[in-house]
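Right, one structure below, let's go through it.
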Amino acid sequence: MTDKIILFLQGSGFAQLSWGHIGMIIISAILMYLAIFKEYEPLLLLPISFGIFLSNIPGTGLMSGPTAKTVGGLLHYLYEGVRLGIYPPLIFLGIGAMTDFGPLIAQPKTMLLGAAAQLGIFTTFFGSRLLGFNPAEAGSIAIIGGADGPTSIYLTSLLSPHLLGPIAIAAYIYIALVPLIQPPIIKFFTTKEERSIEMGQMRRVKKIEKLIFPILVSLIVGLIVPQALTLVGMLMLGNILKESGVAKRLSDTASTAMINIVTILLMLSVGASLKAEQFFTIQFISIIGLGLSAFALSTFSGLMMGKLMYYLTNGKINPIIGAAGVSAVPEAARCSQKLGNEANPGNFLLMHAMGPNVAGVIGSAVAAGVLLSVLG
Amino acid sequence: MNVLGETLEITVIGLSVVFLVLLLLTIILKLQGWLMEKFFLKSKKEAKKQVEKEGNIAKTEKKKRAVIAAAIDSYLKDHPAGFTTQEGRNMQKYKIKIDDEIYEVEVELVDEGNNIKSINKSNNQSKSKFSTISKDSNSTTDKQSAAKKRAAQIKSKEKSRTSSVSEDDELEIKAPMPGQILMLAVTEGEEVQEGQHLAVLEAMKMENDITAPKDGVIKEVCVKEGKEVNSGDNLFILN
């Protein structure tokens with residue numbers, strides 16, 4: 001009788017509870033608090049934090065793989081979608097079905113702003129290598145500077161899966177913090193006169209142009225950087241579903257129900273992959289630091305390209321839309337709109353900033369493809 | 001040192017590939033936009049204009065002819081002129097000049113009334129024949145008044161158009177981006193000052209204030225609360 005009780009107690013969570021587990025449960029509680037009461041990206045942070053919480057209750061075997069006796073835990077199988085790189089492209093499919101590339105087609109030159117804002121990725125790659133990360137890890141950390149959650153998760157899961165949790169969290173934290181990180185940088189490097197430049201009405205884009213765009217982008221990206229086509233191809237599939245107008249049911253599902261389902265699975269798995277031994281390390285702190293510098297540098301380089309265009313076009317381009325070249329759709333574009341409107345109440349940059357913003361998504365996916373082909 | 005060199009290499013390759021891809025896309029899109037502007041949009045626009053123009057001409061022609069018919073009808077009523085017999089019918093020919101255009105009108109006398117047989121425009125080399133307007137004497141007055149009314153309408157329309165053109169101080173406040181009007185802060189006839197909030201436009205889940213660009217009076221509010229607007233749609237007309 002006593003033996004049985006002792007055996008049961010040994011199998012229960014209490015006996016296996018370590019300080020690491022307790023620490024992670026506290027962290028998950030803090031993240032849940034931020035998500036629920038502070039509303040920091042609750043759609044992402046809530047499933048992540050609950051995933052951390054669940055997988056750090058010891059003895060459950062939720063994350064353990066199949067053994068001779070057991071079939072393996074639920075979260076283990078859900079995580080396969082991350083490990084095999086399935087969830088992020090599916091999220092991109094939904095994003096494609098929500099995104100209007102019209103502003104970009106109307107003003108193709110803003111595409112270059114989206115390219116310039118990827119500079120932070122590569123400078124951070126450099127920095128990470130100097131701090132002693134191996135090339136694969138450095139690439140995964142650097143992609144945080146692309147400010148694109150699914151891209152970061154995709155690249156990390158393929159290059160250095162052991163860093164997935166910290167990198168996903170860092171990426172999403174900084175995306176949520178765009179309205180705090182970007183304005184000081186933008187204000188420091190531009191004058192009020194520059195910020196108050198109005199860019200006028202954009203030309204209307206024909207439907208045929210919107211239909212050519214996804215095919216064109218897939219073709220060019222696929223031919224030059226084949227490894228980027230997984231993400232870009234799905235993004236463009238979603239977009240052509242939306243723009244064609246004949247597959248409304250599919251695009252509606254992709255942009256609502258499906259992206260929501262995949263978000264739950266992805267975020268839960270990412271959270272569940274976070275282990276105490278990864279979290280309380282100097283590595284994690286340096287990832288957070290490097291991520292911030294990647295973000296700031298991307299904003300800076302986008303701004304500088306914006307300035308260059310401002311001078312080249314004799315002041316027709318407002319330089320602050322360059323900062324929207326970091327992806328973070330649509331937070332970065334909103335940020336440009338807010339600062340432009342603050343400097344000049346009649347200034348509406350939102351649609352103009354959406355151009356570089358969506359170009360940034362393509363840019364960071366291409367950058368991920370390049371890193372994958374060079375490092376993978 | 002080897003590490004540094006390798007890292008630098010990757011950085012340079014990466015950046016240049018990203019730039020290359022996006023630059024290529026930029027150039028192609030620019031080219032596509034240019035082609036659209038050059039051929040597709042322009043030809044379409046011109047065709048549309050042409051059709052519109054032709055439609056307008058046809059419309060004014062029709063109106064003119066109706067006025068002529070009415071005028072002749074009323075003239076014949078007062079002056080029952082002698083009709084000459086032509087090919088076994090009582091016919092009479094008139095020439096009427098309107099705006100430097102000469103119309104030939106053939107009128108046939110039938111029992112108890114006139115029958116306007118045809119109105120031909122004769123300043124053109126090829127005479128465009130207009131459909132026959134036949135009338136019974138009973139309904140003459142009705143038609144006449146209708147035609148007169150129509151003529152009056154044309155005039156009044158023209159008047160209103162010129163009056164709207166003559167007020168040159170108007171300023172249209174347009175929607176800067178597509179979105180939904182969440183709130184209207186002003187009503188028609190209200191005086192506003194520069195920078196005053198006029199409306200809140202929600203776009204991309206972001207609320208944007210539309211402010212008055214100068215002092216003035218709101219002459220017209222073109223939208224309602226909750227309405228979806230497109231970029232470039234008129235929101236207000238400021239006087």
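Order determines the names: the first chain of the structure tokens is A, the second B, and so forth; residues in each chain are numbered 1 upward, and ligands are numbered 1 upward as they are shown.
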Near chain B, 6 Å: chain A residue rows, closest pairs, only C-alpha atoms, as a Markdown table:
```
| residue | atom | partner | partner_atom | distance |
| --- | --- | --- | --- | --- |
| A:Pro108 | CA | B:Thr26 | CA | 5.0 |
| A:Lys109 | CA | B:Thr26 | CA | 5.9 |
| A:Ala115 | CA | B:Phe19 | CA | 5.6 |
| A:Phe122 | CA | B:Thr11 | CA | 5.2 |
| A:Ala367 | CA | B:Val18 | CA | 6.0 |
| A:Val370 | CA | B:Gly14 | CA | 5.8 |
```
Skip segment 320-337 of chain A itself and residues of its chain fewer than 4 positions away, then list as a PDB file with C-alpha atoms, in the first residue's frame all residues within 7 Å of it, counting only C-alpha atoms.
```
ATOM      1  CA  LEU A 113      13.286  50.861 -49.498  1.00  0.00           C
ATOM      2  CA  GLY A 114      12.182  47.353 -48.607  1.00  0.00           C
ATOM      3  CA  ALA A 117      15.790  47.894 -44.636  1.00  0.00           C
ATOM      4  CA  GLN A 118      17.242  44.380 -44.714  1.00  0.00           C
ATOM      5  CA  GLY A 146      13.736  41.351 -40.955  1.00  0.00           C
ATOM      6  CA  ALA A 147      10.955  42.028 -38.446  1.00  0.00           C
ATOM      7  CA  ASP A 148       8.910  39.207 -39.814  1.00  0.00           C
ATOM      8  CA  ILE A 175       7.453  43.576 -33.710  1.00  0.00           C
ATOM      9  CA  VAL A 178       7.774  48.831 -33.265  1.00  0.00           C
ATOM     10  CA  PRO A 179       5.718  51.850 -32.115  1.00  0.00           C
ATOM     11  CA  ILE A 186      13.074  58.340 -37.173  1.00  0.00           C
ATOM     12  CA  ARG A 195       8.501  64.458 -42.136  1.00  0.00           C
ATOM     13  CA  SER A 298      17.151  47.956 -40.318  1.00  0.00           C
ATOM     14  CA  THR A 299      15.085  51.001 -39.452  1.00  0.00           C
ATOM     15  CA  PHE A 300      18.129  53.198 -39.842  1.00  0.00           C
ATOM     16  CA  GLY A 302      15.603  52.049 -44.535  1.00  0.00           C
ATOM     17  CA  LEU A 303      15.557  55.689 -43.423  1.00  0.00           C
ATOM     18  CA  MET A 305      17.592  54.932 -48.378  1.00  0.00           C
ATOM     19  CA  GLY A 306      14.499  57.083 -47.930  1.00  0.00           C
ATOM     20  CA  ASN A 341       0.579  63.245 -39.453  1.00  0.00           C
ATOM     21  CA  PHE A 348      -1.397  60.920 -44.909  1.00  0.00           C
ATOM     22  CA  LEU A 349       1.454  58.537 -45.575  1.00  0.00           C
ATOM     23  CA  LEU A 350      -0.213  55.259 -44.644  1.00  0.00           C
ATOM     24  CA  ALA A 353       4.248  53.476 -46.421  1.00  0.00           C
ATOM     25  CA  MET A 354       2.427  50.242 -47.238  1.00  0.00           C
ATOM     26  CA  PRO A 356       7.908  49.625 -48.689  1.00  0.00           C
ATOM     27  CA  ASN A 357       6.185  47.718 -45.908  1.00  0.00           C
ATOM     28  CA  VAL A 358       5.038  44.851 -48.127  1.00  0.00           C
ATOM     29  CA  ALA A 359       8.278  45.076 -50.104  1.00  0.00           C
ATOM     30  CA  GLY A 360       9.994  44.467 -46.764  1.00  0.00           C
ATOM     31  CA  VAL A 361       8.118  41.165 -46.418  1.00  0.00           C
TER      32      VAL A 361
END
```
Can you work out the spacing between atom CA of His21 of chain A and atom CA of Lys275 of chain A in Å, to one decimal? 8.3 Å
Shell around segment 93-105 of chain A at 6 Å using only C-alpha atoms, local window under 4 positions removed, as an MDAnalysis selection string: chainID A and resid 234:236 238:239 242 251 254:255 259 355
Go ahead and compute the interatomic distance for atom CA of Phe37 of chain A and atom CA of Leu182 of chain B, in Å to one decimal. 26.5 Å
Give me, as number ranges by chain, all polymer residues having an atom no more than 7 Å from Gly139 of chain A, counting only C-alpha atoms and skipping those fewer than 4 positions away in the same chain. A: 125, 135, 143, 371
If we count only C-alpha atoms and set the cut-off at 8 Å, which residues sit around Gly291 of chain A, ignoring sequence neighbours fewer than 4 positions away in its own chain? Please answer as a list of chain:residue names.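 Here the qualifying residues turn out to be A:Thr124, A:Ile141, A:Ala142, A:Ile144, A:Gly145, A:Ala170, A:Ala171, A:Tyr174, A:Ile287, A:Phe295.
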For the residues in that selection, give me N, CA and C atoms as a PDB file, in the first residue's frame.
```pdb
ATOM      1  N   THR A 124      23.799  42.342 -38.324  1.00  0.00           N
ATOM      2  CA  THR A 124      23.619  41.555 -37.106  1.00  0.00           C
ATOM      3  C   THR A 124      24.235  40.174 -37.255  1.00  0.00           C
ATOM      4  N   ILE A 141      19.633  34.374 -35.772  1.00  0.00           N
ATOM      5  CA  ILE A 141      19.473  35.564 -34.930  1.00  0.00           C
ATOM      6  C   ILE A 141      19.307  36.800 -35.809  1.00  0.00           C
ATOM      7  N   ALA A 142      20.118  36.848 -36.876  1.00  0.00           N
ATOM      8  CA  ALA A 142      20.112  38.039 -37.731  1.00  0.00           C
ATOM      9  C   ALA A 142      18.749  38.286 -38.350  1.00  0.00           C
ATOM     10  N   ILE A 144      15.960  38.199 -37.250  1.00  0.00           N
ATOM     11  CA  ILE A 144      15.051  39.002 -36.413  1.00  0.00           C
ATOM     12  C   ILE A 144      14.956  40.418 -36.983  1.00  0.00           C
ATOM     13  N   GLY A 145      16.081  40.894 -37.553  1.00  0.00           N
ATOM     14  CA  GLY A 145      16.111  42.237 -38.124  1.00  0.00           C
ATOM     15  C   GLY A 145      15.176  42.396 -39.306  1.00  0.00           C
ATOM     16  N   ALA A 170      11.927  36.826 -29.224  1.00  0.00           N
ATOM     17  CA  ALA A 170      12.589  38.109 -29.480  1.00  0.00           C
ATOM     18  C   ALA A 170      11.947  38.793 -30.680  1.00  0.00           C
ATOM     19  N   ALA A 171      11.709  38.014 -31.766  1.00  0.00           N
ATOM     20  CA  ALA A 171      11.140  38.608 -32.975  1.00  0.00           C
ATOM     21  C   ALA A 171       9.782  39.225 -32.688  1.00  0.00           C
ATOM     22  N   TYR A 174       9.852  42.391 -30.496  1.00  0.00           N
ATOM     23  CA  TYR A 174      10.267  43.622 -31.177  1.00  0.00           C
ATOM     24  C   TYR A 174       9.227  44.093 -32.177  1.00  0.00           C
ATOM     25  N   ILE A 287      20.844  37.161 -27.539  1.00  0.00           N
ATOM     26  CA  ILE A 287      19.898  37.125 -28.663  1.00  0.00           C
ATOM     27  C   ILE A 287      18.956  38.323 -28.596  1.00  0.00           C
ATOM     28  N   PHE A 295      17.045  45.253 -35.395  1.00  0.00           N
ATOM     29  CA  PHE A 295      15.841  46.031 -35.657  1.00  0.00           C
ATOM     30  C   PHE A 295      16.172  47.499 -35.883  1.00  0.00           C
TER      31      PHE A 295
END
```
One decimal, in Å: what's the spacing between atom CA of Met111 of chain A and atom CA of Val217 of chain A?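 Atom CA of Val217 of chain A lies 11.9 Å from atom CA of Met111 of chain A.
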Among segment 77-302 of chain A, which residues carry a DSSP assignment of alpha helix (DSSP H), reported as a ChimeraX atom specification? /A:77-83,87-98,102-106,110-116,119-130,135-142,149-159,164-176,178-189,192-195,207-224,229-244,248-253,259-272,276-279,282-302
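The shortest atom-to-atom distance to Phe92 of chain A, with only C-alpha atoms taken into account, belongs to A:Val262 out of A:Ala296, A:Leu339, A:Val262, A:Met351.
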